[in-house]
file run_13.pdb (PDB, C-alpha atoms)
ATOM      1  CA  MET A   2     -36.570  66.930  57.983  1.00  0.00           C
ATOM      2  CA  SER A   3     -39.743  66.476  55.957  1.00  0.00           C
ATOM      3  CA  SER A   4     -41.704  69.320  54.405  1.00  0.00           C
ATOM      4  CA  THR A   5     -44.570  68.602  56.814  1.00  0.00           C
ATOM      5  CA  GLN A   6     -42.238  68.966  59.786  1.00  0.00           C
ATOM      6  CA  LEU A   7     -40.792  72.174  58.337  1.00  0.00           C
ATOM      7  CA  ALA A   8     -44.290  73.582  57.823  1.00  0.00           C
ATOM      8  CA  GLU A   9     -45.222  72.734  61.415  1.00  0.00           C
ATOM      9  CA  MET A  10     -42.009  74.303  62.684  1.00  0.00           C
ATOM     10  CA  MET A  11     -42.790  77.448  60.678  1.00  0.00           C
ATOM     11  CA  LYS A  12     -46.286  77.648  62.210  1.00  0.00           C
ATOM     12  CA  LEU A  13     -44.859  77.333  65.717  1.00  0.00           C
ATOM     13  CA  SER A  14     -42.225  79.956  64.973  1.00  0.00           C
ATOM     14  CA  GLN A  15     -44.839  82.352  63.629  1.00  0.00           C
ATOM     15  CA  SER A  16     -46.999  81.792  66.714  1.00  0.00           C
ATOM     16  CA  ARG A  17     -44.027  82.562  68.978  1.00  0.00           C
ATOM     17  CA  ALA A  18     -43.284  85.740  67.014  1.00  0.00           C
ATOM     18  CA  GLU A  19     -46.905  86.873  67.323  1.00  0.00           C
ATOM     19  CA  ALA A  20     -46.879  86.131  71.054  1.00  0.00           C
ATOM     20  CA  TYR A  21     -43.668  88.108  71.569  1.00  0.00           C
ATOM     21  CA  LEU A  22     -45.033  91.026  69.549  1.00  0.00           C
ATOM     22  CA  HIS A  23     -48.202  91.017  71.667  1.00  0.00           C
ATOM     23  CA  VAL A  24     -46.147  91.056  74.887  1.00  0.00           C
ATOM     24  CA  ALA A  25     -43.845  93.778  73.538  1.00  0.00           C
ATOM     25  CA  LYS A  26     -46.803  95.982  72.548  1.00  0.00           C
ATOM     26  CA  GLY A  27     -48.185  95.601  76.063  1.00  0.00           C
ATOM     27  CA  MET A  28     -44.830  96.541  77.563  1.00  0.00           C
ATOM     28  CA  VAL A  29     -44.609  99.650  75.352  1.00  0.00           C
ATOM     29  CA  MET A  30     -48.180 100.662  76.229  1.00  0.00           C
ATOM     30  CA  ASN A  31     -47.519 100.190  79.951  1.00  0.00           C
ATOM     31  CA  GLU A  32     -44.339 102.252  79.738  1.00  0.00           C
ATOM     32  CA  PHE A  33     -45.490 105.085  77.463  1.00  0.00           C
ATOM     33  CA  GLY A  34     -49.291 104.984  77.662  1.00  0.00           C
ATOM     34  CA  PRO A  35     -52.000 103.808  75.259  1.00  0.00           C
ATOM     35  CA  ALA A  36     -51.836 106.978  73.144  1.00  0.00           C
ATOM     36  CA  THR A  37     -48.368 105.976  71.945  1.00  0.00           C
ATOM     37  CA  GLU A  38     -49.200 102.428  70.854  1.00  0.00           C
ATOM     38  CA  HIS A  39     -49.087 103.237  67.135  1.00  0.00           C
ATOM     39  CA  ALA A  40     -46.258 105.748  67.422  1.00  0.00           C
ATOM     40  CA  HIS A  41     -43.940 103.174  68.979  1.00  0.00           C
ATOM     41  CA  THR A  42     -44.600 100.230  66.665  1.00  0.00           C
ATOM     42  CA  GLU A  43     -40.938 100.009  65.658  1.00  0.00           C
ATOM     43  CA  VAL A  44     -39.914  99.906  69.316  1.00  0.00           C
ATOM     44  CA  ALA A  45     -42.345  97.056  69.971  1.00  0.00           C
ATOM     45  CA  VAL A  46     -41.112  95.105  66.944  1.00  0.00           C
ATOM     46  CA  ALA A  47     -37.466  95.618  67.946  1.00  0.00           C
ATOM     47  CA  LEU A  48     -38.244  94.523  71.504  1.00  0.00           C
ATOM     48  CA  ALA A  49     -40.083  91.420  70.292  1.00  0.00           C
ATOM     49  CA  THR A  50     -37.162  90.594  67.989  1.00  0.00           C
ATOM     50  CA  ALA A  51     -34.676  90.929  70.827  1.00  0.00           C
ATOM     51  CA  MET A  52     -36.792  88.701  73.068  1.00  0.00           C
ATOM     52  CA  MET A  53     -36.993  86.025  70.354  1.00  0.00           C
ATOM     53  CA  GLN A  54     -33.246  86.183  69.751  1.00  0.00           C
ATOM     54  CA  HIS A  55     -32.628  85.843  73.478  1.00  0.00           C
ATOM     55  CA  GLU A  56     -34.897  82.815  73.653  1.00  0.00           C
ATOM     56  CA  GLY A  57     -33.112  81.286  70.652  1.00  0.00           C
ATOM     57  CA  ALA A  58     -29.708  81.849  72.248  1.00  0.00           C
ATOM     58  CA  GLN A  59     -30.918  80.194  75.448  1.00  0.00           C
ATOM     59  CA  MET A  60     -32.151  77.180  73.471  1.00  0.00           C
ATOM     60  CA  ILE A  61     -28.821  76.844  71.661  1.00  0.00           C
ATOM     61  CA  ALA A  62     -26.856  77.184  74.908  1.00  0.00           C
ATOM     62  CA  LYS A  63     -29.050  74.552  76.545  1.00  0.00           C
ATOM     63  CA  ALA A  64     -28.538  72.208  73.583  1.00  0.00           C
ATOM     64  CA  PHE A  65     -24.762  72.606  73.855  1.00  0.00           C
ATOM     65  CA  GLN A  66     -24.919  71.952  77.605  1.00  0.00           C
ATOM     66  CA  THR A  67     -26.939  68.799  77.025  1.00  0.00           C
ATOM     67  CA  THR A  68     -24.483  67.439  74.459  1.00  0.00           C
ATOM     68  CA  GLU A  69     -21.490  68.162  76.710  1.00  0.00           C
ATOM     69  CA  ASP A  70     -22.956  66.304  79.705  1.00  0.00           C
TER      70      ASP A  70
END

call {"tool": "encode", "arguments": {"input": "run_13.pdb", "output": "structure tokens"}}
result
Amino acid sequence: MSSTQLAEMMKLSQSRAEAYLHVAKGMVMNEFGPATEHAHTEVAVALATAMMQHEGAQMIAKAFQTTED
């Protein structure tokens, strides 16, 4: 993989992480109220991390399914 491709992959990965963090912050605010947005930053980050890991696991599982078929 070329350095240009790696850089592009890194940009996409960072964009996904930012999108998940945005969604997670919204979920935390909806659950606990807007006053707790800053107090629950760690919860939002942990939730975003879990969502990204889940997506990654789904991608890997799908790749294995594709190669087995």

call {"tool": "closest_residue", "arguments": {"input": "run_13.pdb", "among": "A:His23, A:Lys12, A:His41, A:Arg17", "to": "Gly57 (chain A)", "atoms": "only C-alpha atoms"}}
result
A:Arg17

call {"tool": "atom_distance", "arguments": {"input": "run_13.pdb", "atom1": "CA of Leu13 (chain A)", "atom2": "CA of Met53 (chain A)"}}
result
12.6 Å

call {"tool": "closest_residue", "arguments": {"input": "run_13.pdb", "among": "A:Ala58, A:Ala8, A:Ala25, A:Ala64", "to": "Val44 (chain A)", "atoms": "all atoms listed in the file"}}
result
A:Ala25

call {"tool": "closest_residue", "arguments": {"input": "run_13.pdb", "among": "A:Met11, A:Glu43, A:Gln6, A:Tyr21", "to": "His55 (chain A)", "atoms": "only C-alpha atoms"}}
result
A:Tyr21

call {"tool": "residues_around", "arguments": {"input": "run_13.pdb", "residues": "Phe33 (chain A)", "least_positions_apart": "6", "cutoff": "12 Å", "atoms": "all atoms listed in the file", "output": "list in words"}}
result
Lys26, Gly27, His39, Ala40, His41, Thr42, Val44 and Ala45 of chain A

call {"tool": "atom_distance", "arguments": {"input": "run_13.pdb", "atom1": "CA of Thr50 (chain A)", "atom2": "CA of Lys63 (chain A)"}}
result
19.9 Å

call {"tool": "atom_distance", "arguments": {"input": "run_13.pdb", "atom1": "CA of Thr5 (chain A)", "atom2": "CA of Val46 (chain A)"}}
result
28.6 Å

call {"tool": "axis_aligned_box", "arguments": {"input": "run_13.pdb", "around": "region 30-39 of chain A", "padding_each_side": "5 Å", "output": "lines of an AutoDock Vina configuration file"}}
result
center_x = -48.2
center_y = 103.6
center_z = 73.5
size_x = 17.7
size_y = 16.8
size_z = 22.8
